[in-house]
>>> print(open('protein-v7.cif').read())   # mmCIF, C-alpha atoms
data_model
#
loop_
_atom_site.label_atom_id
_atom_site.label_comp_id
_atom_site.auth_asym_id
_atom_site.auth_seq_id
_atom_site.Cartn_x
_atom_site.Cartn_y
_atom_site.Cartn_z
CA MET A 1 0.00 0.00 0.00
CA LYS A 2 2.81 2.42 0.94
CA ASP A 3 4.59 1.53 -2.29
CA ARG A 4 1.49 2.39 -4.34
CA ILE A 5 1.05 5.70 -2.50
CA LYS A 6 4.69 6.53 -3.19
CA LYS A 7 4.40 5.65 -6.87
CA TYR A 8 1.20 7.63 -7.47
CA GLY A 9 2.45 10.50 -5.33
CA LEU A 10 5.66 10.80 -7.33
CA LEU A 11 3.75 10.48 -10.60
CA SER A 12 1.42 13.30 -9.53
CA LEU A 13 4.44 15.42 -8.61
CA ILE A 14 5.97 14.71 -12.04
CA ILE A 15 2.78 15.90 -13.77
CA VAL A 16 2.68 19.08 -11.64
CA VAL A 17 6.36 19.82 -12.34
CA CYS A 18 5.82 19.40 -16.07
CA GLY A 19 2.68 21.51 -16.03
CA LEU A 20 4.35 24.38 -14.16
CA LEU A 21 7.72 24.44 -15.89
CA ASN A 22 7.23 23.11 -19.39
CA TYR A 23 5.03 25.77 -20.98
CA ASN A 24 6.80 29.12 -20.81
CA PRO A 25 5.74 30.26 -17.32
CA GLN A 26 8.00 33.29 -17.77
CA LEU A 27 5.31 34.76 -20.02
CA LEU A 28 2.75 34.48 -17.23
CA PHE A 29 5.05 36.13 -14.69
CA GLY A 30 6.43 38.76 -17.06
CA LEU A 31 10.05 37.61 -17.02
CA LYS A 32 11.78 39.42 -19.84
CA SER A 33 14.66 37.16 -20.88
CA GLY A 34 13.86 34.72 -23.65
CA HIS A 35 16.21 32.22 -22.03
CA TRP A 36 13.76 31.50 -19.22
CA GLY A 37 11.67 29.31 -21.51
CA TRP A 38 14.28 26.66 -22.25
CA ILE A 39 15.75 26.94 -18.74
CA PHE A 40 12.38 26.16 -17.15
CA SER A 41 11.65 23.40 -19.65
CA ALA A 42 15.11 21.82 -19.27
CA THR A 43 14.68 21.96 -15.49
CA ALA A 44 11.41 20.08 -15.96
CA THR A 45 13.28 17.42 -17.98
CA ILE A 46 15.82 16.94 -15.19
CA MET A 47 13.08 16.79 -12.54
CA ILE A 48 11.00 14.28 -14.53
CA ILE A 49 13.97 11.95 -14.96
CA PHE A 50 15.08 12.34 -11.33
CA LEU A 51 11.60 11.66 -9.92
CA MET A 52 11.11 8.68 -12.24
CA MET A 53 14.44 7.27 -11.03
CA LEU A 54 13.09 7.48 -7.47
CA ARG A 55 9.74 5.99 -8.50
CA ASP A 56 10.99 3.15 -10.70
CA PRO A 57 14.73 2.71 -10.09
CA ASN A 58 14.99 -0.51 -12.12
CA ASP A 59 13.09 0.42 -15.28
CA TRP A 60 12.68 4.21 -15.35
CA LYS A 61 14.27 4.45 -18.80
CA GLN A 62 11.83 1.92 -20.24
CA LYS A 63 8.81 3.67 -18.70
CA LEU A 64 9.95 7.02 -20.08
CA GLY A 65 10.71 5.43 -23.46
CA ILE A 66 14.29 6.75 -23.46
CA HIS A 67 16.32 3.53 -23.28
CA PHE A 68 18.20 4.64 -26.39
CA ASN A 69 21.24 2.95 -27.88
CA ARG A 70 23.70 4.66 -30.21
CA PHE A 71 21.68 3.61 -33.25
CA ASP A 72 18.56 5.25 -31.79
CA VAL A 73 20.46 8.50 -31.33
CA ALA A 74 21.60 8.38 -34.96
CA ARG A 75 18.04 7.62 -36.09
CA ILE A 76 16.69 10.57 -34.11
CA LEU A 77 19.24 12.95 -35.65
CA LEU A 78 18.72 11.69 -39.20
CA THR A 79 14.93 11.58 -38.94
CA THR A 80 14.75 15.03 -37.36
CA THR A 81 17.02 16.52 -40.04
CA GLY A 82 15.02 14.98 -42.87
CA LEU A 83 11.69 16.02 -41.37
CA LEU A 84 12.95 19.57 -40.76
CA ILE A 85 13.47 19.96 -44.51
CA LEU A 86 10.17 18.32 -45.37
CA SER A 87 8.32 20.36 -42.74
CA TYR A 88 9.68 23.63 -44.09
CA PHE A 89 8.41 23.02 -47.62
CA LEU A 90 5.07 21.68 -46.36
CA VAL A 91 4.47 24.61 -43.99
CA ASP A 92 5.55 27.11 -46.64
CA TYR A 93 3.14 25.59 -49.19
CA LEU A 94 0.18 25.45 -46.78
CA SER A 95 0.82 29.02 -45.63
CA VAL A 96 0.63 30.39 -49.17
CA GLN A 97 -2.50 28.34 -49.81
CA ASN A 98 -4.13 30.07 -46.84
CA GLY A 99 -3.05 33.61 -47.70
CA TYR A 100 0.05 33.85 -45.51
CA THR A 101 3.77 34.18 -46.10
CA PHE A 102 5.89 31.86 -43.94
CA LYS A 103 9.19 33.30 -42.76
CA PRO A 104 11.52 31.34 -40.44
CA GLN A 105 12.28 33.46 -37.41
CA ILE A 106 15.97 32.58 -37.38
CA ILE A 107 16.34 34.33 -40.78
CA TYR A 108 13.77 37.16 -40.64
CA TYR A 109 13.86 38.16 -36.96
CA LYS A 110 15.44 41.57 -37.71
CA GLU A 111 12.44 42.51 -39.87
CA TYR A 112 9.85 41.91 -37.16
CA PHE A 113 11.70 42.48 -33.90
CA ASP A 114 13.55 45.51 -32.61
CA PRO A 115 16.73 46.02 -34.73
CA LYS A 116 18.78 45.63 -31.56
CA TYR A 117 17.10 42.32 -30.65
CA PRO A 118 20.00 39.91 -29.97
CA PHE A 119 20.36 36.70 -31.96
CA HIS A 120 20.95 34.61 -28.83
CA LEU A 121 17.36 35.28 -27.74
CA VAL A 122 16.10 34.00 -31.10
CA LEU A 123 18.26 30.93 -30.67
CA ALA A 124 16.87 30.46 -27.15
CA GLY A 125 13.38 30.24 -28.64
CA TYR A 126 14.48 27.35 -30.83
CA ILE A 127 16.36 25.59 -28.01
CA TYR A 128 13.18 25.71 -25.90
CA PHE A 129 11.45 23.17 -28.17
CA ILE A 130 14.09 20.47 -27.51
CA PRO A 131 13.27 19.85 -23.81
CA GLU A 132 9.62 20.91 -24.24
CA THR A 133 8.86 18.24 -26.85
CA LEU A 134 10.97 15.67 -25.01
CA ASN A 135 8.93 16.21 -21.83
CA GLU A 136 5.67 15.82 -23.72
CA GLU A 137 6.85 12.63 -25.41
CA MET A 138 7.99 11.12 -22.12
CA LEU A 139 4.81 11.94 -20.19
CA ILE A 140 1.92 12.23 -22.67
CA GLY A 141 3.63 9.60 -24.79
CA ALA A 142 5.49 6.83 -23.00
CA VAL A 143 4.31 7.14 -19.38
CA LEU A 144 0.64 7.56 -20.27
CA LEU A 145 0.56 4.95 -23.03
CA PHE A 146 2.54 2.30 -21.15
CA GLY A 147 0.60 3.01 -17.97
CA LEU A 148 -2.75 2.49 -19.73
CA GLU A 149 -1.36 -0.60 -21.41
CA ARG A 150 -0.44 -2.13 -18.04
CA SER A 151 -3.74 -1.13 -16.41
CA LEU A 152 -5.99 -2.15 -19.31
CA LYS A 153 -4.43 -5.43 -20.33
CA LYS A 154 -7.58 -6.66 -22.05
CA ILE A 155 -7.84 -3.55 -24.22
CA ASP A 156 -6.19 -3.69 -27.64
CA LYS A 157 -3.14 -1.43 -28.10
CA ASN A 158 -4.76 0.21 -31.11
CA VAL A 159 -7.74 1.28 -28.98
CA ILE A 160 -5.35 2.79 -26.42
CA ALA A 161 -3.50 4.62 -29.21
CA ILE A 162 -6.79 6.06 -30.52
CA PHE A 163 -7.97 7.12 -27.05
CA VAL A 164 -4.73 8.94 -26.20
CA ALA A 165 -4.71 10.56 -29.67
CA LEU A 166 -8.15 11.98 -28.90
CA MET A 167 -6.81 13.31 -25.59
CA PHE A 168 -3.84 14.82 -27.45
CA SER A 169 -6.17 16.74 -29.77
CA LEU A 170 -8.51 17.91 -27.00
CA MET A 171 -5.57 19.05 -24.84
CA HIS A 172 -4.41 21.35 -27.62
CA GLN A 173 -7.92 22.75 -27.97
CA SER A 174 -8.19 23.36 -24.21
CA PHE A 175 -4.74 24.93 -23.98
CA TYR A 176 -5.29 27.45 -26.77
CA ARG A 177 -8.86 28.25 -25.76
CA TRP A 178 -8.40 28.73 -22.00
CA SER A 179 -4.73 29.21 -21.19
CA PRO A 180 -3.98 32.68 -19.71
CA MET A 181 -0.89 32.79 -21.94
CA GLN A 182 -2.92 32.42 -25.15
CA PRO A 183 -5.39 34.76 -26.92
CA GLY A 184 -8.32 32.40 -26.42
CA ILE A 185 -8.75 31.46 -30.08
CA SER A 186 -10.26 28.01 -30.67
CA LEU A 187 -8.78 25.49 -33.07
CA THR A 188 -10.96 24.58 -36.02
CA LEU A 189 -12.52 21.15 -36.47
CA MET A 190 -10.11 20.40 -39.32
CA THR A 191 -7.17 21.31 -37.06
CA ALA A 192 -8.48 19.06 -34.28
CA ILE A 193 -8.87 16.14 -36.73
CA SER A 194 -5.35 16.63 -38.10
CA LEU A 195 -3.93 16.75 -34.56
CA PHE A 196 -5.84 13.57 -33.73
CA PHE A 197 -4.15 11.79 -36.64
CA VAL A 198 -0.74 13.20 -35.62
CA GLY A 199 -1.34 11.91 -32.09
CA LEU A 200 -2.36 8.51 -33.45
CA LEU A 201 0.82 8.36 -35.54
CA ARG A 202 2.96 9.17 -32.50
CA ASN A 203 1.16 6.68 -30.26
CA ILE A 204 1.52 3.82 -32.72
CA LEU A 205 5.25 4.50 -33.05
CA ILE A 206 5.72 4.51 -29.27
CA LEU A 207 3.62 1.41 -28.57
CA LYS A 208 5.23 -0.61 -31.35
CA THR A 209 8.87 0.45 -30.86
CA ARG A 210 8.60 0.84 -27.03
CA LYS A 211 10.63 4.04 -27.39
CA ILE A 212 9.92 7.72 -28.09
CA ALA A 213 12.75 8.06 -30.63
CA TYR A 214 10.71 8.45 -33.84
CA SER A 215 7.80 10.16 -32.15
CA TRP A 216 10.10 12.77 -30.64
CA ALA A 217 11.79 13.34 -34.01
CA ILE A 218 8.42 14.07 -35.64
CA HIS A 219 7.28 16.33 -32.81
CA LEU A 220 10.55 18.25 -32.51
CA SER A 221 11.14 18.81 -36.22
CA PHE A 222 7.66 20.16 -36.89
CA ASN A 223 7.60 22.42 -33.83
CA LEU A 224 11.02 23.83 -34.68
CA VAL A 225 9.73 24.87 -38.09
CA PHE A 226 6.20 26.14 -37.75
CA LEU A 227 6.01 27.35 -34.13
CA SER A 228 9.24 29.31 -34.54
CA GLY A 229 8.20 30.97 -37.78
CA PHE A 230 6.42 34.19 -38.68
CA PHE A 231 3.12 33.81 -40.51
CA VAL A 232 2.42 37.15 -42.21
CA ASN A 233 -1.00 37.80 -43.75
CA ILE A 234 -0.46 38.73 -47.39
CA SER A 235 -3.48 41.05 -47.56
CA ASN A 236 -2.98 43.19 -44.42
CA ASN A 237 0.55 42.31 -43.23
CA SER A 238 -0.75 41.19 -39.80
CA MET A 239 1.00 38.47 -37.82
CA ALA A 240 -0.68 35.19 -36.92
CA CYS A 241 -0.71 34.17 -33.24
CA GLU A 242 0.09 30.63 -32.11
CA PRO A 243 -3.39 29.04 -32.35
CA GLU A 244 -3.85 30.73 -35.72
CA LYS A 245 -0.61 29.07 -36.86
CA PHE A 246 -2.15 25.70 -36.02
CA ASN A 247 -5.27 26.56 -38.00
CA ILE A 248 -3.20 27.74 -40.98
CA VAL A 249 -1.05 24.60 -41.13
CA PHE A 250 -3.34 21.87 -39.79
CA GLY A 251 -6.81 23.31 -40.45
CA ASN A 252 -7.25 22.24 -44.06
CA LEU A 253 -8.29 19.15 -46.00
CA LYS A 254 -4.80 18.59 -47.42
CA MET A 255 -3.28 18.20 -43.95
CA VAL A 256 -6.16 15.99 -42.80
CA ILE A 257 -5.47 13.68 -45.76
CA ILE A 258 -1.68 13.70 -45.24
CA THR A 259 -1.85 12.98 -41.51
CA GLY A 260 -4.77 10.56 -41.85
CA LEU A 261 -3.13 8.47 -44.56
CA SER A 262 0.20 8.45 -42.70
CA ALA A 263 -1.47 7.21 -39.51
CA LEU A 264 -3.55 4.61 -41.38
CA ILE A 265 -0.59 3.24 -43.34
CA LEU A 266 1.54 2.99 -40.20
CA LEU A 267 -1.31 1.37 -38.28
CA ILE A 268 -1.83 -1.31 -40.94
CA TRP A 269 1.88 -1.91 -41.46
CA SER A 270 2.77 -2.08 -37.76
CA ASN A 271 -0.05 -4.51 -37.01
CA GLU A 272 0.94 -6.71 -39.94
CA VAL A 273 4.57 -6.78 -38.80
CA PHE A 274 3.49 -7.55 -35.23
CA ARG A 275 1.19 -10.35 -36.42
CA ASN A 276 3.91 -11.89 -38.60
CA ARG A 277 6.39 -11.82 -35.72
CA GLN A 278 3.90 -13.64 -33.54
CA LEU A 279 3.34 -16.27 -36.24
CA MET A 280 7.07 -16.81 -36.76
CA ASP A 281 7.92 -16.84 -33.06
CA GLY A 282 8.83 -20.41 -32.13
CA PHE A 283 9.88 -21.33 -35.64
CA LEU A 284 12.83 -18.96 -36.01
CA PRO A 285 15.60 -18.04 -33.58
CA LYS A 286 14.73 -14.97 -31.51
CA SER A 287 17.79 -13.18 -32.83
CA TRP A 288 16.18 -13.29 -36.28
CA LEU A 289 13.06 -11.59 -34.97
#
>>> encode(input="protein-v7.cif", output="structure tokens")
Amino acid sequence: MKDRIKKYGLLSLIIVVCGLLNYNPQLLFGLKSGHWGWIFSATATIMIIFLMMLRDPNDWKQKLGIHFNRFDVARILLTTTGLLILSYFLVDYLSVQNGYTFKPQIIYYKEYFDPKYPFHLVLAGYIYFIPETLNEEMLIGAVLLFGLERSLKKIDKNVIAIFVALMFSLMHQSFYRWSPMQPGISLTLMTAISLFFVGLLRNILILKTRKIAYSWAIHLSFNLVFLSGFFVNISNNSMACEPEKFNIVFGNLKMVIITGLSALILLIWSNEVFRNRQLMDGFLPKSWL
């Protein structure tokens, strides 16, 4: 009983730490330096790992989905690099289709900030997404998915992946609609559907690989591109806020089709591979599988 209280207590503390430190609290408290964002978020990363080590000393890496080997690190770097390039062209295309010009902040910051705005603050904004996405993948990805999987052993993994994907979409809607740090603009239905498919894609990758490597690469690469960019309205030269960026990029039929097909193809492929491995298990050496 004491062990269960300790485990749930530490897990609750982990969630609180992530909630307080991971989402730019410096904006809420009016802290001026742009470095506070990544400092808070990186502190949350350290706290999450430390508290998980106390909670599950023998398998904390597995429960966080970060038991990476050197090949996983290489895969993360290569996948992130490739997706950064792909994301740029996709975001640029969708922006123009919706009447906006997309300009990466790291290149155009002098045009839209004070001329004396230092480059290191721009860089700090990009660095912020590294621990921020990692924290989300560890908690909303691995910890939540694996926890539900252990608790709901009779429920199919695909059902769990769909349920958490729905939570992922609704969390974005809630955050942008009611967060004191956001303008209170709701995401469109198309945006919510696209985010659901993105969440499903991430969940399948985590549940099938038992790691957050690929999921993190997708999350990080896309956030680095579109959340760090300027979206300038072609007609009136106004700047899109963060929830509007989501609606510009995700709130259209093209993105629904892209994300939906990607999730469906991965779902079918991963289940077929898993089924084949089960069929061959016992007939082939485990090293072959």
>>> resolve_selection(input="protein-v7.cif", expression="the PyMOL selection byres ((chain A and resi 141) around 9)", output="PDB file with C-alpha atoms, in the coordinates of the input")
ATOM      1  CA  LEU A  64       9.950   7.020 -20.080  1.00  0.00           C
ATOM      2  CA  GLY A  65      10.710   5.430 -23.460  1.00  0.00           C
ATOM      3  CA  ASN A 135       8.930  16.210 -21.830  1.00  0.00           C
ATOM      4  CA  GLU A 136       5.670  15.820 -23.720  1.00  0.00           C
ATOM      5  CA  GLU A 137       6.850  12.630 -25.410  1.00  0.00           C
ATOM      6  CA  MET A 138       7.990  11.120 -22.120  1.00  0.00           C
ATOM      7  CA  LEU A 139       4.810  11.940 -20.190  1.00  0.00           C
ATOM      8  CA  ILE A 140       1.920  12.230 -22.670  1.00  0.00           C
ATOM      9  CA  ALA A 142       5.490   6.830 -23.000  1.00  0.00           C
ATOM     10  CA  VAL A 143       4.310   7.140 -19.380  1.00  0.00           C
ATOM     11  CA  LEU A 144       0.640   7.560 -20.270  1.00  0.00           C
ATOM     12  CA  LEU A 145       0.560   4.950 -23.030  1.00  0.00           C
ATOM     13  CA  PHE A 146       2.540   2.300 -21.150  1.00  0.00           C
ATOM     14  CA  VAL A 164      -4.730   8.940 -26.200  1.00  0.00           C
ATOM     15  CA  ARG A 202       2.960   9.170 -32.500  1.00  0.00           C
ATOM     16  CA  ASN A 203       1.160   6.680 -30.260  1.00  0.00           C
ATOM     17  CA  ILE A 206       5.720   4.510 -29.270  1.00  0.00           C
ATOM     18  CA  ILE A 212       9.920   7.720 -28.090  1.00  0.00           C
ATOM     19  CA  SER A 215       7.800  10.160 -32.150  1.00  0.00           C
TER      20      SER A 215
END
>>> residues_near_point(input="protein-v7.cif", point="(-9.1, 20.0, -37.6)", cutoff="10 Å", atoms="all atoms listed in the file", output="PyMOL selection string")
chain A and resi 169+187-197+246-247+249-253+255-256
>>> residues_around(input="protein-v7.cif", residues="region 40-50 of chain A", least_positions_apart="4", cutoff="9 Å", atoms="all atoms listed in the file", output="PyMOL selection string")
chain A and resi 13-15+17-26+35-36+54-55+60-61+64+128-132+134-135+138-139
>>> closest_residue(input="protein-v7.cif", among="A:Ala161, A:Leu27, A:Leu77, A:Leu51", to="Lys208 (chain A)", atoms="all atoms listed in the file")
A:Ala161
>>> residues_near_point(input="protein-v7.cif", point="(-1.9, 23.9, -48.8)", cutoff="9 Å", atoms="only C-alpha atoms", output="ChimeraX atom specification")
/A:90-98,248-249,252-255
